[in-house]
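Structure data (PDB, C-alpha atoms) from data_0.pdb:
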```
ATOM      1  CA  MET J  10      56.607  77.250  98.380
ATOM      2  CA  ASN J  11      58.051  78.373  95.093
ATOM      3  CA  THR J  12      61.575  77.890  93.815
ATOM      4  CA  ALA J  13      62.680  81.427  94.584
ATOM      5  CA  THR J  14      61.618  81.108  98.225
ATOM      6  CA  VAL J  15      63.441  77.815  98.634
ATOM      7  CA  SER J  16      66.593  79.275  97.133
ATOM      8  CA  GLU J  17      66.397  82.371  99.306
ATOM      9  CA  GLU J  18      66.145  80.218 102.454
ATOM     10  CA  GLU J  19      69.063  78.111 101.318
ATOM     11  CA  GLY J  20      71.022  81.297 100.769
ATOM     12  CA  HIS J  21      70.238  82.427 104.323
ATOM     13  CA  GLU J  22      71.384  79.116 105.784
ATOM     14  CA  GLU J  23      74.575  79.148 103.754
ATOM     15  CA  HIS J  24      75.246  82.734 104.787
ATOM     16  CA  HIS J  25      74.915  81.940 108.482
ATOM     17  CA  ASP J  26      77.193  78.917 108.136
ATOM     18  CA  HIS J  27      79.968  80.919 106.513
ATOM     19  CA  GLY J  28      79.955  84.260 108.250
ATOM     20  CA  LEU J  29      78.196  86.775 110.437
ATOM     21  CA  SER J  30      74.832  88.452 109.989
ATOM     22  CA  ASP J  31      74.717  92.005 108.613
ATOM     23  CA  ILE J  32      74.389  93.365 112.153
ATOM     24  CA  GLY J  33      77.417  91.295 113.143
ATOM     25  CA  TYR J  34      79.479  92.865 110.358
ATOM     26  CA  ILE J  35      78.342  96.346 111.397
ATOM     27  CA  LYS J  36      79.458  95.616 114.983
ATOM     28  CA  VAL J  37      82.858  94.500 113.665
ATOM     29  CA  ALA J  38      83.130  97.730 111.641
ATOM     30  CA  VAL J  39      82.278  99.812 114.739
ATOM     31  CA  LEU J  40      85.008  97.991 116.665
ATOM     32  CA  LEU J  41      87.480  98.709 113.845
ATOM     33  CA  ALA J  42      86.467 102.381 113.869
ATOM     34  CA  ILE J  43      87.063 102.568 117.631
ATOM     35  CA  LEU J  44      90.486 100.940 117.271
ATOM     36  CA  THR J  45      91.357 103.421 114.514
ATOM     37  CA  ALA J  46      90.289 106.297 116.759
ATOM     38  CA  VAL J  47      92.613 104.987 119.494
ATOM     39  CA  GLU J  48      95.428 104.762 116.936
ATOM     40  CA  VAL J  49      94.887 108.347 115.845
ATOM     41  CA  ALA J  50      94.753 109.465 119.497
ATOM     42  CA  THR J  51      98.408 108.447 119.842
ATOM     43  CA  TYR J  52      99.244 111.277 117.440
ATOM     44  CA  PHE J  53      97.524 113.913 119.563
ATOM     45  CA  PHE J  54      98.470 112.655 123.012
ATOM     46  CA  ASP J  55     101.825 111.560 124.350
ATOM     47  CA  PHE J  56     101.726 107.868 125.228
ATOM     48  CA  GLY J  57     105.416 107.735 126.082
ATOM     49  CA  VAL J  58     107.249 104.444 125.758
ATOM     50  CA  VAL J  59     104.082 102.442 125.132
ATOM     51  CA  GLU J  60     103.206 104.422 121.986
ATOM     52  CA  ILE J  61     104.992 102.268 119.395
ATOM     53  CA  PRO J  62     104.140  98.885 120.987
ATOM     54  CA  SER J  63     100.489  99.888 121.344
ATOM     55  CA  LEU J  64     100.349 101.072 117.705
ATOM     56  CA  LEU J  65     101.820  97.770 116.522
ATOM     57  CA  ILE J  66      99.379  95.786 118.657
ATOM     58  CA  LEU J  67      96.397  97.836 117.433
ATOM     59  CA  MET J  68      97.557  97.346 113.845
ATOM     60  CA  ALA J  69      97.853  93.581 114.331
ATOM     61  CA  VAL J  70      94.426  93.375 115.973
ATOM     62  CA  LYS J  71      92.758  95.362 113.149
ATOM     63  CA  PHE J  72      94.551  93.209 110.571
ATOM     64  CA  GLN J  73      93.386  90.035 112.323
ATOM     65  CA  ILE J  74      89.780  91.231 112.580
ATOM     66  CA  VAL J  75      89.500  92.158 108.880
ATOM     67  CA  VAL J  76      91.135  88.920 107.731
ATOM     68  CA  SER J  77      89.082  86.724 110.081
ATOM     69  CA  TYR J  78      85.632  88.264 109.672
ATOM     70  CA  PHE J  79      85.473  90.373 106.495
ATOM     71  CA  MET J  80      87.653  87.945 104.511
ATOM     72  CA  HIS J  81      85.940  84.959 106.187
ATOM     73  CA  LEU J  82      89.177  83.134 107.021
ATOM     74  CA  LYS J  83      87.704  82.244 110.417
ATOM     75  CA  PHE J  84      84.845  80.393 108.711
ATOM     76  CA  ASP J  85      86.479  79.238 105.472
ATOM     77  CA  SER J  86      88.772  76.337 104.585
ATOM     78  CA  LYS J  87      92.147  76.197 106.332
ATOM     79  CA  VAL J  88      93.776  75.905 102.901
ATOM     80  CA  PHE J  89      93.162  79.638 102.382
ATOM     81  CA  THR J  90      94.698  80.433 105.771
ATOM     82  CA  TYR J  91      97.831  78.462 104.888
ATOM     83  CA  LEU J  92      98.115  80.136 101.476
ATOM     84  CA  PHE J  93      97.827  83.596 102.985
ATOM     85  CA  LEU J  94     100.084  82.860 105.956
ATOM     86  CA  THR J  95     102.783  81.570 103.606
ATOM     87  CA  GLY J  96     102.863  84.917 101.809
ATOM     88  CA  LEU J  97     102.721  86.834 105.078
ATOM     89  CA  ILE J  98     105.585  84.898 106.666
ATOM     90  CA  LEU J  99     107.694  85.257 103.515
ATOM     91  CA  ALA J 100     107.014  89.016 103.570
ATOM     92  CA  MET J 101     108.250  89.173 107.174
ATOM     93  CA  LEU J 102     111.347  87.225 106.154
ATOM     94  CA  VAL J 103     111.949  89.769 103.366
ATOM     95  CA  PHE J 104     111.789  92.529 105.977
ATOM     96  CA  ALA J 105     114.140  90.640 108.294
ATOM     97  CA  ALA J 106     116.579  89.973 105.436
ATOM     98  CA  MET J 107     116.601  93.611 104.323
ATOM     99  CA  GLY J 108     116.976  94.875 107.859
ATOM    100  CA  THR J 109     119.758  92.417 108.540
ATOM    101  CA  SER J 110     121.733  93.214 105.410
ATOM    102  CA  MET J 111     121.270  96.986 105.385
ATOM    103  CA  VAL J 112     121.158  97.964 109.039
ATOM    104  CA  PHE J 113     122.704  95.359 111.282
ATOM    105  CA  TRP J 114     125.674  94.366 109.143
ATOM    106  CA  GLN J 115     128.471  96.824 108.617
ATOM    107  CA  ASN J 116     131.320  96.642 106.130
ATOM    108  CA  PRO J 117     134.980  96.509 107.310
ATOM    109  CA  SER J 118     135.488 100.262 106.863
ATOM    110  CA  GLY J 119     132.958 100.867 109.591
ATOM    111  CA  CYS J 120     130.565 102.582 107.201
ATOM    112  CA  ASP J 121     127.286 100.739 107.083
ATOM    113  CA  ALA J 122     125.296 100.085 103.938
ATOM    114  CA  SER J 123     122.655 102.555 105.040
ATOM    115  CA  ALA J 124     125.053 105.333 104.075
ATOM    116  CA  PHE J 125     123.773 104.869 100.529
ATOM    117  CA  CYS J 126     120.387 106.077 101.656
TER
ATOM    118  CA  MET F   5      61.566  61.809  87.456
ATOM    119  CA  ALA F   6      59.517  64.613  88.922
ATOM    120  CA  ASP F   7      62.430  65.530  91.192
ATOM    121  CA  THR F   8      64.739  65.807  88.189
ATOM    122  CA  ALA F   9      62.302  68.087  86.420
ATOM    123  CA  GLU F  10      61.996  70.246  89.539
ATOM    124  CA  ALA F  11      65.779  70.453  89.884
ATOM    125  CA  GLN F  12      66.068  71.535  86.262
ATOM    126  CA  THR F  13      63.395  74.187  86.805
ATOM    127  CA  SER F  14      65.278  75.404  89.887
ATOM    128  CA  GLU F  15      68.485  75.714  87.919
ATOM    129  CA  LEU F  16      66.770  77.510  85.068
ATOM    130  CA  ALA F  17      65.218  79.951  87.527
ATOM    131  CA  TYR F  18      68.734  81.024  88.436
ATOM    132  CA  GLY F  19      69.727  81.341  84.806
ATOM    133  CA  ARG F  20      72.256  78.504  85.034
ATOM    134  CA  THR F  21      74.177  78.119  81.797
ATOM    135  CA  GLU F  22      76.784  75.856  80.232
ATOM    136  CA  TRP F  23      79.367  78.343  81.513
ATOM    137  CA  ASP F  24      78.490  77.382  85.089
ATOM    138  CA  ASP F  25      78.648  73.668  84.314
ATOM    139  CA  TYR F  26      82.130  74.144  82.925
ATOM    140  CA  HIS F  27      83.464  76.454  85.616
ATOM    141  CA  HIS F  28      82.029  74.653  88.628
ATOM    142  CA  LEU F  29      83.606  71.272  88.084
ATOM    143  CA  PRO F  30      84.290  69.458  91.353
ATOM    144  CA  THR F  31      87.865  69.718  92.633
ATOM    145  CA  ASN F  32      89.841  67.401  94.908
ATOM    146  CA  THR F  33      89.851  69.986  97.696
ATOM    147  CA  GLY F  34      86.194  70.875  97.342
ATOM    148  CA  LEU F  35      87.289  74.486  96.846
ATOM    149  CA  THR F  36      86.823  76.399  93.629
ATOM    150  CA  ASN F  37      89.925  77.100  91.581
ATOM    151  CA  GLU F  38      89.052  80.805  91.336
ATOM    152  CA  LYS F  39      89.037  81.300  95.100
ATOM    153  CA  VAL F  40      92.216  79.311  95.661
ATOM    154  CA  THR F  41      93.902  81.360  92.929
ATOM    155  CA  MET F  42      92.807  84.637  94.517
ATOM    156  CA  TRP F  43      94.185  83.593  97.922
ATOM    157  CA  ALA F  44      97.459  82.502  96.299
ATOM    158  CA  PHE F  45      97.626  85.891  94.551
ATOM    159  CA  LEU F  46      96.965  87.732  97.821
ATOM    160  CA  GLY F  47      99.714  85.717  99.499
ATOM    161  CA  SER F  48     102.135  86.711  96.749
ATOM    162  CA  ASP F  49     100.980  90.328  96.968
ATOM    163  CA  CYS F  50     101.991  90.269 100.647
ATOM    164  CA  LEU F  51     105.552  89.814  99.401
ATOM    165  CA  LEU F  52     105.311  92.856  97.128
ATOM    166  CA  PHE F  53     104.057  95.107  99.896
ATOM    167  CA  GLY F  54     106.413  93.511 102.415
ATOM    168  CA  ALA F  55     109.337  94.527 100.222
ATOM    169  CA  LEU F  56     107.982  98.050  99.632
ATOM    170  CA  ILE F  57     107.244  98.679 103.316
ATOM    171  CA  SER F  58     110.683  97.355 104.277
ATOM    172  CA  THR F  59     112.338  99.653 101.749
ATOM    173  CA  TYR F  60     110.453 102.662 103.059
ATOM    174  CA  LEU F  61     111.309 101.871 106.676
ATOM    175  CA  LEU F  62     114.987 101.599 105.808
ATOM    176  CA  CYS F  63     115.005 104.896 103.928
ATOM    177  CA  ARG F  64     112.332 106.939 105.706
ATOM    178  CA  ASN F  65     114.671 109.422 107.379
ATOM    179  CA  ARG F  66     117.436 109.439 104.802
ATOM    180  CA  VAL F  67     117.764 112.032 102.110
ATOM    181  CA  GLY F  68     121.067 110.793 100.666
ATOM    182  CA  PRO F  69     124.546 112.351 100.585
ATOM    183  CA  ALA F  70     124.019 114.544  97.518
ATOM    184  CA  THR F  71     120.322 115.369  97.802
ATOM    185  CA  LYS F  72     118.312 117.582 100.095
ATOM    186  CA  GLY F  73     114.699 118.404 100.700
ATOM    187  CA  PRO F  74     112.061 117.332 103.204
ATOM    188  CA  THR F  75     111.088 113.737 103.900
ATOM    189  CA  ALA F  76     107.495 112.623 103.537
ATOM    190  CA  ALA F  77     107.264 112.263 107.315
ATOM    191  CA  ASP F  78     107.958 116.001 107.683
ATOM    192  CA  LEU F  79     104.831 116.821 105.659
ATOM    193  CA  PHE F  80     102.260 114.287 106.879
ATOM    194  CA  ASP F  81      98.808 115.651 107.638
ATOM    195  CA  ILE F  82      97.677 112.981 110.095
ATOM    196  CA  PRO F  83      94.086 114.252 110.652
ATOM    197  CA  PHE F  84      93.489 114.255 106.877
ATOM    198  CA  THR F  85      95.011 110.788 106.392
ATOM    199  CA  SER F  86      93.012 109.494 109.368
ATOM    200  CA  VAL F  87      89.788 110.458 107.591
ATOM    201  CA  SER F  88      90.995 108.710 104.417
ATOM    202  CA  SER F  89      91.830 105.602 106.441
ATOM    203  CA  PHE F  90      88.400 105.638 108.046
ATOM    204  CA  VAL F  91      86.757 105.917 104.608
ATOM    205  CA  LEU F  92      88.703 102.897 103.305
ATOM    206  CA  LEU F  93      87.907 100.919 106.447
ATOM    207  CA  MET F  94      84.190 101.569 106.040
ATOM    208  CA  SER F  95      84.410 100.513 102.392
ATOM    209  CA  SER F  96      85.324  97.054 103.690
ATOM    210  CA  LEU F  97      82.013  96.989 105.561
ATOM    211  CA  THR F  98      80.025  97.997 102.471
ATOM    212  CA  MET F  99      81.910  95.372 100.454
ATOM    213  CA  VAL F 100      81.028  92.563 102.838
ATOM    214  CA  LEU F 101      77.399  93.758 102.823
ATOM    215  CA  ALA F 102      77.425  93.520  99.001
ATOM    216  CA  VAL F 103      78.602  89.914  99.283
ATOM    217  CA  THR F 104      75.916  88.943 101.815
ATOM    218  CA  SER F 105      73.273  90.720  99.705
ATOM    219  CA  ILE F 106      74.030  88.740  96.560
ATOM    220  CA  GLN F 107      74.172  85.508  98.595
ATOM    221  CA  ARG F 108      70.592  86.271  99.684
ATOM    222  CA  ALA F 109      69.628  87.132  96.086
ATOM    223  CA  GLU F 110      68.955  90.776  97.071
ATOM    224  CA  MET F 111      70.234  92.198  93.825
ATOM    225  CA  GLU F 112      69.183  95.828  94.331
ATOM    226  CA  ARG F 113      70.959  95.986  97.683
ATOM    227  CA  CYS F 114      73.996  94.310  96.190
ATOM    228  CA  LYS F 115      74.154  96.974  93.459
ATOM    229  CA  LEU F 116      73.811  99.730  96.047
ATOM    230  CA  TRP F 117      76.623  98.363  98.241
ATOM    231  CA  LEU F 118      78.892  97.757  95.256
ATOM    232  CA  LEU F 119      78.416 101.328  94.113
ATOM    233  CA  THR F 120      78.928 102.652  97.667
ATOM    234  CA  THR F 121      82.168 100.672  97.984
ATOM    235  CA  ALA F 122      83.440 102.007  94.650
ATOM    236  CA  SER F 123      82.502 105.560  95.733
ATOM    237  CA  LEU F 124      84.331 105.242  99.059
ATOM    238  CA  GLY F 125      87.356 103.877  97.205
ATOM    239  CA  SER F 126      87.207 106.848  94.840
ATOM    240  CA  ILE F 127      87.100 109.241  97.806
ATOM    241  CA  PHE F 128      90.214 107.559  99.190
ATOM    242  CA  ILE F 129      92.019 107.904  95.849
ATOM    243  CA  ALA F 130      90.944 111.549  95.560
ATOM    244  CA  GLY F 131      92.410 112.116  99.033
ATOM    245  CA  GLN F 132      95.662 110.473  97.997
ATOM    246  CA  VAL F 133      95.913 112.647  94.881
ATOM    247  CA  TYR F 134      95.242 115.730  97.036
ATOM    248  CA  GLU F 135      97.921 114.624  99.523
ATOM    249  CA  PHE F 136     100.498 113.964  96.797
ATOM    250  CA  THR F 137      99.753 117.327  95.161
ATOM    251  CA  GLY F 138     100.317 119.089  98.477
ATOM    252  CA  PHE F 139     103.590 117.254  99.023
ATOM    253  CA  TYR F 140     104.793 118.182  95.542
ATOM    254  CA  ARG F 141     104.003 121.852  96.158
ATOM    255  CA  GLU F 142     106.038 121.650  99.369
ATOM    256  CA  GLY F 143     109.026 120.476  97.341
ATOM    257  CA  LEU F 144     108.725 116.712  97.749
ATOM    258  CA  GLY F 145     108.884 115.204  94.254
ATOM    259  CA  TYR F 146     109.385 111.554  93.364
ATOM    260  CA  THR F 147     113.126 112.053  92.787
ATOM    261  CA  THR F 148     113.736 114.657  95.505
ATOM    262  CA  ASN F 149     115.462 112.113  97.737
ATOM    263  CA  ILE F 150     115.506 108.391  98.526
ATOM    264  CA  SER F 151     112.921 108.807 101.264
ATOM    265  CA  SER F 152     110.430 110.434  98.894
ATOM    266  CA  SER F 153     111.012 107.784  96.196
ATOM    267  CA  ALA F 154     110.342 104.997  98.696
ATOM    268  CA  PHE F 155     107.250 106.783 100.029
ATOM    269  CA  TYR F 156     105.681 107.488  96.632
ATOM    270  CA  THR F 157     106.455 103.976  95.369
ATOM    271  CA  LEU F 158     104.807 102.351  98.384
ATOM    272  CA  THR F 159     101.702 104.533  98.579
ATOM    273  CA  GLY F 160     101.491 104.762  94.784
ATOM    274  CA  PHE F 161     101.429 100.965  94.421
ATOM    275  CA  HIS F 162      98.699 100.830  97.028
ATOM    276  CA  GLY F 163      96.771 103.537  95.164
ATOM    277  CA  VAL F 164      97.041 101.530  91.927
ATOM    278  CA  HIS F 165      95.642  98.487  93.761
ATOM    279  CA  VAL F 166      92.698 100.548  95.039
ATOM    280  CA  SER F 167      92.095 101.965  91.539
ATOM    281  CA  LEU F 168      92.067  98.464  90.029
ATOM    282  CA  GLY F 169      89.638  97.432  92.758
ATOM    283  CA  ILE F 170      87.330 100.305  91.827
ATOM    284  CA  VAL F 171      87.401  99.207  88.162
ATOM    285  CA  MET F 172      86.509  95.654  89.219
ATOM    286  CA  LEU F 173      83.692  96.874  91.483
ATOM    287  CA  VAL F 174      82.176  99.023  88.730
ATOM    288  CA  THR F 175      82.457  96.062  86.337
ATOM    289  CA  MET F 176      80.634  93.879  88.876
ATOM    290  CA  TRP F 177      77.941  96.549  89.208
ATOM    291  CA  VAL F 178      77.436  96.586  85.434
ATOM    292  CA  LEU F 179      77.272  92.777  85.300
ATOM    293  CA  VAL F 180      74.732  92.627  88.134
ATOM    294  CA  THR F 181      72.671  95.437  86.602
ATOM    295  CA  ARG F 182      72.538  93.631  83.249
ATOM    296  CA  GLY F 183      71.544  90.386  84.943
ATOM    297  CA  ILE F 184      74.702  88.596  83.815
ATOM    298  CA  LEU F 185      75.845  88.055  87.385
ATOM    299  CA  GLY F 186      73.226  86.454  89.639
ATOM    300  CA  PRO F 187      73.125  84.798  93.059
ATOM    301  CA  GLU F 188      74.435  81.559  91.554
ATOM    302  CA  ARG F 189      77.718  83.360  90.905
ATOM    303  CA  ALA F 190      77.913  85.092  94.274
ATOM    304  CA  GLU F 191      81.416  83.745  94.680
ATOM    305  CA  THR F 192      82.618  86.099  91.944
ATOM    306  CA  ILE F 193      81.630  89.070  94.109
ATOM    307  CA  GLU F 194      83.152  87.337  97.137
ATOM    308  CA  ILE F 195      86.482  86.958  95.303
ATOM    309  CA  ILE F 196      86.489  90.632  94.294
ATOM    310  CA  GLY F 197      85.663  91.353  97.943
ATOM    311  CA  LEU F 198      88.724  89.404  99.076
ATOM    312  CA  TYR F 199      90.895  91.632  96.896
ATOM    313  CA  TRP F 200      89.223  94.745  98.285
ATOM    314  CA  HIS F 201      89.681  93.668 101.908
ATOM    315  CA  PHE F 202      93.318  92.887 101.174
ATOM    316  CA  VAL F 203      93.803  96.445  99.921
ATOM    317  CA  ASP F 204      92.261  97.582 103.199
ATOM    318  CA  ILE F 205      94.563  95.486 105.409
ATOM    319  CA  VAL F 206      97.597  96.726 103.497
ATOM    320  CA  TRP F 207      96.483 100.271 104.292
ATOM    321  CA  ILE F 208      96.006  99.325 107.958
ATOM    322  CA  VAL F 209      99.704  98.416 108.019
ATOM    323  CA  ILE F 210     100.818 101.455 105.988
ATOM    324  CA  PHE F 211      98.783 103.854 108.124
ATOM    325  CA  ALA F 212     100.294 102.551 111.362
ATOM    326  CA  VAL F 213     103.866 101.882 110.249
ATOM    327  CA  VAL F 214     104.402 104.749 107.808
ATOM    328  CA  TYR F 215     102.156 107.526 109.118
ATOM    329  CA  LEU F 216     101.670 107.032 112.853
ATOM    330  CA  ILE F 217     104.883 105.480 114.166
ATOM    331  CA  PRO F 218     107.305 108.376 114.575
TER
END
```

Final structure tokens representation of the file:
Amino acid sequence: MNTATVSEEEGHEEHHDHGLSDIGYIKVAVLLAILTAVEVATYFFDFGVVEIPSLLILMAVKFQIVVSYFMHLKFDSKVFTYLFLTGLILAMLVFAAMGTSMVFWQNPSGCDASAFC
Amino acid sequence: MADTAEAQTSELAYGRTEWDDYHHLPTNTGLTNEKVTMWAFLGSDCLLFGALISTYLLCRNRVGPATKGPTAADLFDIPFTSVSSFVLLMSSLTMVLAVTSIQRAEMERCKLWLLTTASLGSIFIAGQVYEFTGFYREGLGYTTNISSSAFYTLTGFHGVHVSLGIVMLVTMWVLVTRGILGPERAETIEIIGLYWHFVDIVWIVIFAVVYLIP
């Protein structure tokens, strides 16, 4: 068994420890494509009151799938998850802060800050 | 003694250099500094896009007291953007296949997937340029109103990220083709892949929140 063969086998083992097989990734991509198709369907068909919640859920599921499988967070060190989550939570706080200050709060004259927009 | 000689031969077969000895020093966490840095960068980039998406959502239907003109939402071509989104989503698949290829030392496949990913990214950018051109012809310039400024800033920043990703992918392709980047440095491709997937997840959010939610 030559060096190249040994290294190739090691590479295979490492790959399986830290992620899916190629077929596994293709299955994940097919699932993402189906979810995208469902998302786009909401534009063509009237889903009523469930339209916005279902779009947000689909978005979150697609986000989770890409981060977990394609970005390997599911298989990698938790340190990476914490680093990424910190940024994500801070981004949500930015959104909450902007929404709070520009939409929910109004000045004494009764004219809200959104009038600038 | 024989084992040491064999180990040295194994390392030489992979073209290990002093560069690798320097850059792969053990760390307290057992994680490489490059990968930790990329994840920290992606976390900070979440803040940038969080702020831009928030700004757009606050201004999406507002044209301002002294300005007129359509909003971006009035001009969206959802079927066209859906195709662009699908293209970018599939580029994430080709990117992850490039990473697994180099981990298995399948260099030709790795080159093919890298080039495919860069091509799909280029198609996405071409679509964005086409979309922006159409919007401009319809009277929606960058300074037409606050809504258009927020829209172009958000999608433009994302487009710049994709363009930088394409430059990095082409650079990786050149390095692999010249034999500078081998399986022993597969993590370099993996780190570029992390950036590419991040660009994809940002678009997943933009596509749903900006384009699809009425």

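Summary of the local environment: counting only C-alpha atoms, residues at most 12 Å from Leu116 in chain F, other than itself and those fewer than 5 positions away along its chain, are Thr98, Met99, Leu101, Ala102, Val103, Ser105, Ile106, Glu110, Met111, Thr121, Ala122, Ser123, Leu173, Val174, Met176, Trp177, Val178, Val180 and Thr181 of chain F.
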
Practice prompt. Using the chain letters and numbers from the file, give me the residues hit by the ChimeraX specification (/J :<6) & /F, as a ChimeraX atom specification.
Written response: /F:14,44,47-48,50-51,54,58,63,66,68,107-108,198,205

Fill in: Output check: residues returned by the PyMOL selection byres ((chain F and resi 166) around 12), as a PyMOL selection string
chain F and resi 92+95-96+121-130+132+159-165+167-173+196-197+199-207

Worksheet item: So how many Å separate CA of Ser151 in chain F and CA of Ala76 in chain F, to one decimal?
Response: 7.0 Å

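Take the candidates F:Glu112, F:Glu142, F:Glu38, F:Asp49 and check each one against Pro187 in chain F using only C-alpha atoms; the shortest distance goes to F:Glu112.
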
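From CA of Val47 in chain J back to CA of Phe84 in chain F, the distance works out to 15.7 Å.
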
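For the atom pair formed by CA of Gly57 in chain J and CA of Asp78 in chain F, the distance is 20.3 Å, given to one decimal.
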
Got a sec to resolve the PyMOL selection byres ((chain F and resi 75) around 12) on this structure and send the residues as a JSON list (two decimals) with C-alpha atoms, in the coordinates of the input?
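File produced: result-v5.json:
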```json
[["chain", "number", "residue", "atom", "x", "y", "z"],
["F", 60, "TYR", "CA", 110.45, 102.66, 103.06],
["F", 63, "CYS", "CA", 115.00, 104.90, 103.93],
["F", 64, "ARG", "CA", 112.33, 106.94, 105.71],
["F", 65, "ASN", "CA", 114.67, 109.42, 107.38],
["F", 66, "ARG", "CA", 117.44, 109.44, 104.80],
["F", 67, "VAL", "CA", 117.76, 112.03, 102.11],
["F", 68, "GLY", "CA", 121.07, 110.79, 100.67],
["F", 71, "THR", "CA", 120.32, 115.37, 97.80],
["F", 72, "LYS", "CA", 118.31, 117.58, 100.10],
["F", 73, "GLY", "CA", 114.70, 118.40, 100.70],
["F", 74, "PRO", "CA", 112.06, 117.33, 103.20],
["F", 76, "ALA", "CA", 107.50, 112.62, 103.54],
["F", 77, "ALA", "CA", 107.26, 112.26, 107.32],
["F", 78, "ASP", "CA", 107.96, 116.00, 107.68],
["F", 79, "LEU", "CA", 104.83, 116.82, 105.66],
["F", 80, "PHE", "CA", 102.26, 114.29, 106.88],
["F", 139, "PHE", "CA", 103.59, 117.25, 99.02],
["F", 140, "TYR", "CA", 104.79, 118.18, 95.54],
["F", 142, "GLU", "CA", 106.04, 121.65, 99.37],
["F", 143, "GLY", "CA", 109.03, 120.48, 97.34],
["F", 144, "LEU", "CA", 108.72, 116.71, 97.75],
["F", 145, "GLY", "CA", 108.88, 115.20, 94.25],
["F", 146, "TYR", "CA", 109.38, 111.55, 93.36],
["F", 147, "THR", "CA", 113.13, 112.05, 92.79],
["F", 148, "THR", "CA", 113.74, 114.66, 95.50],
["F", 149, "ASN", "CA", 115.46, 112.11, 97.74],
["F", 150, "ILE", "CA", 115.51, 108.39, 98.53],
["F", 151, "SER", "CA", 112.92, 108.81, 101.26],
["F", 152, "SER", "CA", 110.43, 110.43, 98.89],
["F", 153, "SER", "CA", 111.01, 107.78, 96.20],
["F", 154, "ALA", "CA", 110.34, 105.00, 98.70],
["F", 155, "PHE", "CA", 107.25, 106.78, 100.03],
["F", 156, "TYR", "CA", 105.68, 107.49, 96.63],
["F", 214, "VAL", "CA", 104.40, 104.75, 107.81]]
```
